[in-house]
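**Q** Quick one: this structure, given as structure tokens, is what I'll be asking you about.
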Amino acid sequence: MRARRDAGDTLVEILLTVVLISLTITSLVSSMGTVANAGTAQRNSVRADIVLRNYAEATKTAVKACVPGAPYVVTYPPPLPGGFTVTGANGTCPAVDATKTLTLVVTPSSGPPTTMVIKVRTP
């Protein structure tokens, strides 16, 4: 009678399987982190754009109601979202029928600033 050999997996085959599974899981986790970061960046960009457009409208409204040469203050109705700052809005009213170019900049807590150039005039 012949002796039966144990028919099992070798240590090399098991180690190779473990390495391949580890690489696959690592790449999946890494890609999920990248997707999460991209989503956050997109969300901040959209919020900055909304804040910038609303602030531009508030600036135009403030300039329409002011006296030429007098300072005006922009009142932004909703509070700014956390971490956002706006610069370039407050100033003095332009002369009657003259235009003034303003550069509004919204800076989020993380990410690049968003810029808009608007022209305002006193009616």
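So you can find residues: chains in the structure tokens are A, B, ... in the order shown, residues in each start at 1, and ligands are numbered from 1 in order.
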Which residues, written as a list in words, have at least one atom at most 7 Å from Ala58 in chain A, with only C-alpha atoms counted and residues fewer than 3 positions away on the same chain left out?
**A**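 Everything that qualifies: Asn54, Tyr55, Thr61, Ala62, Val74, Thr75 and Tyr76 of chain A.
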**Q** Would you list, as a list in words, the residues of chain A that end up in strand (DSSP E) under DSSP run on this structure's backbone?
**A**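 Assigned to strand (DSSP E), within chain A: Pro71, Tyr72, Thr85, Val86, Thr87, Gly91, Thr92, Thr99, Lys100, Thr101, Leu102, Thr103, Leu104, Val105, Val106, Thr107, Thr114, Thr115, Met116, Val117, Ile118, Lys119, Val120 and Arg121 of chain A.
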**Q** Need the shell around range 120-123 of chain A: protein/DNA/RNA residues with any atom at most 7 Å away, counting only C-alpha atoms. Skip same-chain ones fewer than 2 positions apart. Format as a PyMOL selection string?
**A** chain A and resi 60+63-64+68+93-101+118
**Q** How about saving the chosen residues, N, CA and C atoms kept, as a PDB file, in the first residue's frame?
**A**
```pdb
ATOM      1  N   LYS A  60     -24.321  95.438  -4.082  1.00  0.00           N
ATOM      2  CA  LYS A  60     -25.039  96.278  -5.034  1.00  0.00           C
ATOM      3  C   LYS A  60     -26.234  96.959  -4.369  1.00  0.00           C
ATOM      4  N   VAL A  63     -24.960  99.874  -2.179  1.00  0.00           N
ATOM      5  CA  VAL A  63     -24.500 101.031  -2.950  1.00  0.00           C
ATOM      6  C   VAL A  63     -25.683 101.802  -3.526  1.00  0.00           C
ATOM      7  N   LYS A  64     -26.741 101.102  -3.915  1.00  0.00           N
ATOM      8  CA  LYS A  64     -27.920 101.791  -4.461  1.00  0.00           C
ATOM      9  C   LYS A  64     -28.557 102.716  -3.444  1.00  0.00           C
ATOM     10  N   PRO A  68     -23.681 109.629  -2.696  1.00  0.00           N
ATOM     11  CA  PRO A  68     -22.372 109.666  -3.355  1.00  0.00           C
ATOM     12  C   PRO A  68     -21.284 110.247  -2.452  1.00  0.00           C
ATOM     13  N   CYS A  93     -19.294 105.326  -1.699  1.00  0.00           N
ATOM     14  CA  CYS A  93     -20.184 105.310  -2.859  1.00  0.00           C
ATOM     15  C   CYS A  93     -19.566 106.123  -3.992  1.00  0.00           C
ATOM     16  N   PRO A  94     -19.725 105.659  -5.223  1.00  0.00           N
ATOM     17  CA  PRO A  94     -19.224 106.428  -6.363  1.00  0.00           C
ATOM     18  C   PRO A  94     -20.094 107.657  -6.614  1.00  0.00           C
ATOM     19  N   ALA A  95     -19.582 108.572  -7.414  1.00  0.00           N
ATOM     20  CA  ALA A  95     -20.347 109.767  -7.767  1.00  0.00           C
ATOM     21  C   ALA A  95     -21.567 109.364  -8.593  1.00  0.00           C
ATOM     22  N   VAL A  96     -22.514 110.289  -8.727  1.00  0.00           N
ATOM     23  CA  VAL A  96     -23.740 110.001  -9.471  1.00  0.00           C
ATOM     24  C   VAL A  96     -23.387 109.638 -10.911  1.00  0.00           C
ATOM     25  N   ASP A  97     -23.984 108.592 -11.408  1.00  0.00           N
ATOM     26  CA  ASP A  97     -23.794 108.060 -12.765  1.00  0.00           C
ATOM     27  C   ASP A  97     -22.357 107.631 -13.059  1.00  0.00           C
ATOM     28  N   ALA A  98     -21.541 107.461 -12.035  1.00  0.00           N
ATOM     29  CA  ALA A  98     -20.179 106.929 -12.220  1.00  0.00           C
ATOM     30  C   ALA A  98     -20.168 105.482 -11.738  1.00  0.00           C
ATOM     31  N   THR A  99     -19.286 104.699 -12.293  1.00  0.00           N
ATOM     32  CA  THR A  99     -19.176 103.306 -11.858  1.00  0.00           C
ATOM     33  C   THR A  99     -17.893 103.101 -11.079  1.00  0.00           C
ATOM     34  N   LYS A 100     -17.933 102.152 -10.209  1.00  0.00           N
ATOM     35  CA  LYS A 100     -16.771 101.797  -9.388  1.00  0.00           C
ATOM     36  C   LYS A 100     -16.588 100.293  -9.481  1.00  0.00           C
ATOM     37  N   THR A 101     -15.371  99.867  -9.731  1.00  0.00           N
ATOM     38  CA  THR A 101     -15.081  98.442  -9.845  1.00  0.00           C
ATOM     39  C   THR A 101     -14.604  97.916  -8.499  1.00  0.00           C
ATOM     40  N   ILE A 118     -17.014  93.101  -9.694  1.00  0.00           N
ATOM     41  CA  ILE A 118     -18.312  93.671 -10.000  1.00  0.00           C
ATOM     42  C   ILE A 118     -18.165  95.173 -10.178  1.00  0.00           C
TER      43      ILE A 118
END
```
**Q** Considering only helix (DSSP H, G or I) as DSSP defines it on the backbone, what residues of range 49-98 of chain A qualify? List them as a list in words.
**A**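 Written out, the helix (DSSP H, G or I) residues of range 49-98 of chain A are Asp49, Ile50, Val51, Leu52, Arg53, Asn54, Tyr55, Ala56, Glu57, Ala58, Thr59, Lys60, Thr61, Ala62, Val63 and Lys64 of chain A.
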**Q** Write to file, as a PDB file, in the first residue's frame, the residues of the selection just made, with C-alpha atoms.
**A**
```
ATOM      1  CA  ASP A  49     -19.466  80.571  -4.932  1.00  0.00           C
ATOM      2  CA  ILE A  50     -22.877  80.931  -3.254  1.00  0.00           C
ATOM      3  CA  VAL A  51     -21.468  83.249  -0.574  1.00  0.00           C
ATOM      4  CA  LEU A  52     -19.697  85.310  -3.236  1.00  0.00           C
ATOM      5  CA  ARG A  53     -22.823  85.757  -5.379  1.00  0.00           C
ATOM      6  CA  ASN A  54     -25.013  86.633  -2.380  1.00  0.00           C
ATOM      7  CA  TYR A  55     -22.409  89.085  -1.088  1.00  0.00           C
ATOM      8  CA  ALA A  56     -22.188  90.733  -4.522  1.00  0.00           C
ATOM      9  CA  GLU A  57     -25.959  91.245  -4.529  1.00  0.00           C
ATOM     10  CA  ALA A  58     -25.836  92.653  -0.982  1.00  0.00           C
ATOM     11  CA  THR A  59     -23.047  95.036  -2.051  1.00  0.00           C
ATOM     12  CA  LYS A  60     -25.039  96.278  -5.034  1.00  0.00           C
ATOM     13  CA  THR A  61     -28.067  96.832  -2.794  1.00  0.00           C
ATOM     14  CA  ALA A  62     -25.979  98.779  -0.253  1.00  0.00           C
ATOM     15  CA  VAL A  63     -24.500 101.031  -2.950  1.00  0.00           C
ATOM     16  CA  LYS A  64     -27.920 101.791  -4.461  1.00  0.00           C
TER      17      LYS A  64
END
```
**Q** Excluding same-chain residues fewer than 3 positions from range 42-44 of chain A, what lies within 12 Å of it counting only C-alpha atoms, as a list in words?
**A**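 The residues that qualify are Val35, Ala36, Asn37, Ala38, Gly39, Arg47, Ala48, Asp49, Ile50, Val51, Pro81, Gly82, Gly83, Phe84, Val106, Thr107, Pro108, Ser109, Ser110, Gly111, Pro112, Pro113 and Thr114 of chain A.
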**Q** Those same residues - N, CA, C and O atoms - I'd like them written as an mmCIF file, in the first residue's frame.
**A**
```cif
data_model
loop_
_atom_site.group_PDB
_atom_site.id
_atom_site.type_symbol
_atom_site.label_atom_id
_atom_site.label_comp_id
_atom_site.auth_asym_id
_atom_site.auth_seq_id
_atom_site.Cartn_x
_atom_site.Cartn_y
_atom_site.Cartn_z
ATOM 1 N N VAL A 35 -11.708 60.095 -2.608
ATOM 2 C CA VAL A 35 -13.076 60.496 -2.954
ATOM 3 C C VAL A 35 -13.645 61.408 -1.873
ATOM 4 O O VAL A 35 -14.299 62.407 -2.184
ATOM 5 N N ALA A 36 -13.404 61.108 -0.628
ATOM 6 C CA ALA A 36 -13.911 61.939 0.466
ATOM 7 C C ALA A 36 -13.289 63.332 0.417
ATOM 8 O O ALA A 36 -13.990 64.340 0.592
ATOM 9 N N ASN A 37 -11.987 63.415 0.178
ATOM 10 C CA ASN A 37 -11.321 64.716 0.088
ATOM 11 C C ASN A 37 -11.820 65.521 -1.101
ATOM 12 O O ASN A 37 -11.994 66.736 -1.013
ATOM 13 N N ALA A 38 -12.036 64.868 -2.226
ATOM 14 C CA ALA A 38 -12.544 65.561 -3.412
ATOM 15 C C ALA A 38 -13.953 66.085 -3.164
ATOM 16 O O ALA A 38 -14.304 67.186 -3.596
ATOM 17 N N GLY A 39 -14.769 65.320 -2.475
ATOM 18 C CA GLY A 39 -16.124 65.760 -2.152
ATOM 19 C C GLY A 39 -16.128 66.980 -1.254
ATOM 20 O O GLY A 39 -16.906 67.920 -1.452
ATOM 21 N N ARG A 47 -19.971 76.290 -1.857
ATOM 22 C CA ARG A 47 -20.364 77.226 -0.791
ATOM 23 C C ARG A 47 -19.725 78.594 -1.003
ATOM 24 O O ARG A 47 -20.371 79.623 -0.816
ATOM 25 N N ALA A 48 -18.447 78.605 -1.371
ATOM 26 C CA ALA A 48 -17.753 79.874 -1.613
ATOM 27 C C ALA A 48 -18.406 80.626 -2.758
ATOM 28 O O ALA A 48 -18.568 81.849 -2.702
ATOM 29 N N ASP A 49 -18.804 79.926 -3.797
ATOM 30 C CA ASP A 49 -19.466 80.571 -4.932
ATOM 31 C C ASP A 49 -20.812 81.157 -4.521
ATOM 32 O O ASP A 49 -21.150 82.277 -4.908
ATOM 33 N N ILE A 50 -21.578 80.436 -3.715
ATOM 34 C CA ILE A 50 -22.877 80.931 -3.254
ATOM 35 C C ILE A 50 -22.691 82.171 -2.378
ATOM 36 O O ILE A 50 -23.397 83.168 -2.540
ATOM 37 N N VAL A 51 -21.733 82.101 -1.451
ATOM 38 C CA VAL A 51 -21.468 83.249 -0.574
ATOM 39 C C VAL A 51 -21.042 84.449 -1.410
ATOM 40 O O VAL A 51 -21.498 85.576 -1.189
ATOM 41 N N PRO A 81 -21.031 81.191 6.436
ATOM 42 C CA PRO A 81 -20.720 79.834 6.895
ATOM 43 C C PRO A 81 -19.384 79.818 7.624
ATOM 44 O O PRO A 81 -18.510 80.638 7.358
ATOM 45 N N GLY A 82 -19.221 78.909 8.541
ATOM 46 C CA GLY A 82 -18.006 78.820 9.345
ATOM 47 C C GLY A 82 -16.743 78.741 8.507
ATOM 48 O O GLY A 82 -16.651 77.959 7.580
ATOM 49 N N GLY A 83 -15.788 79.591 8.806
ATOM 50 C CA GLY A 83 -14.511 79.548 8.132
ATOM 51 C C GLY A 83 -14.416 80.398 6.878
ATOM 52 O O GLY A 83 -13.361 80.488 6.276
ATOM 53 N N PHE A 84 -15.497 81.040 6.457
ATOM 54 C CA PHE A 84 -15.469 81.872 5.255
ATOM 55 C C PHE A 84 -15.268 83.334 5.634
ATOM 56 O O PHE A 84 -15.865 83.822 6.589
ATOM 57 N N VAL A 106 -13.729 85.760 -1.589
ATOM 58 C CA VAL A 106 -14.223 84.883 -0.527
ATOM 59 C C VAL A 106 -13.160 83.823 -0.279
ATOM 60 O O VAL A 106 -12.731 83.134 -1.203
ATOM 61 N N THR A 107 -12.724 83.734 0.959
ATOM 62 C CA THR A 107 -11.689 82.774 1.315
ATOM 63 C C THR A 107 -12.272 81.741 2.279
ATOM 64 O O THR A 107 -12.695 82.090 3.380
ATOM 65 N N PRO A 108 -12.322 80.465 1.855
ATOM 66 C CA PRO A 108 -12.791 79.419 2.776
ATOM 67 C C PRO A 108 -11.687 79.038 3.751
ATOM 68 O O PRO A 108 -10.529 79.427 3.581
ATOM 69 N N SER A 109 -12.042 78.285 4.773
ATOM 70 C CA SER A 109 -11.036 77.867 5.755
ATOM 71 C C SER A 109 -9.996 76.956 5.129
ATOM 72 O O SER A 109 -8.839 76.963 5.523
ATOM 73 N N SER A 110 -10.399 76.168 4.134
ATOM 74 C CA SER A 110 -9.442 75.336 3.417
ATOM 75 C C SER A 110 -9.770 75.405 1.935
ATOM 76 O O SER A 110 -10.934 75.368 1.551
ATOM 77 N N GLY A 111 -8.757 75.544 1.133
ATOM 78 C CA GLY A 111 -8.975 75.623 -0.302
ATOM 79 C C GLY A 111 -8.641 76.994 -0.843
ATOM 80 O O GLY A 111 -8.356 77.931 -0.092
ATOM 81 N N PRO A 112 -8.678 77.134 -2.150
ATOM 82 C CA PRO A 112 -8.298 78.410 -2.766
ATOM 83 C C PRO A 112 -9.413 79.447 -2.639
ATOM 84 O O PRO A 112 -10.586 79.103 -2.569
ATOM 85 N N PRO A 113 -9.054 80.736 -2.625
ATOM 86 C CA PRO A 113 -10.075 81.784 -2.576
ATOM 87 C C PRO A 113 -10.804 81.901 -3.917
ATOM 88 O O PRO A 113 -10.277 81.545 -4.962
ATOM 89 N N THR A 114 -12.028 82.419 -3.861
ATOM 90 C CA THR A 114 -12.838 82.650 -5.050
ATOM 91 C C THR A 114 -12.994 84.150 -5.222
ATOM 92 O O THR A 114 -13.274 84.861 -4.263
#
```
**Q** Rounded to one decimal place, report the CA of Ala89 in chain A-CA of Thr40 in chain A distance in Å.
**A**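 Between CA of Ala89 in chain A and CA of Thr40 in chain A the gap is 26.8 Å.
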**Q** Please measure the separation of CA of Leu80 in chain A and CA of Ser45 in chain A, giving the value in Å to one decimal.
**A**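 Taking CA of Leu80 in chain A and CA of Ser45 in chain A, their separation equals 14.3 Å.
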**Q** How far is it from CA of Val86 in chain A to CA of Val105 in chain A, in Å with one decimal?
**A**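 Separating CA of Val86 in chain A from CA of Val105 in chain A is a distance of 5.6 Å.
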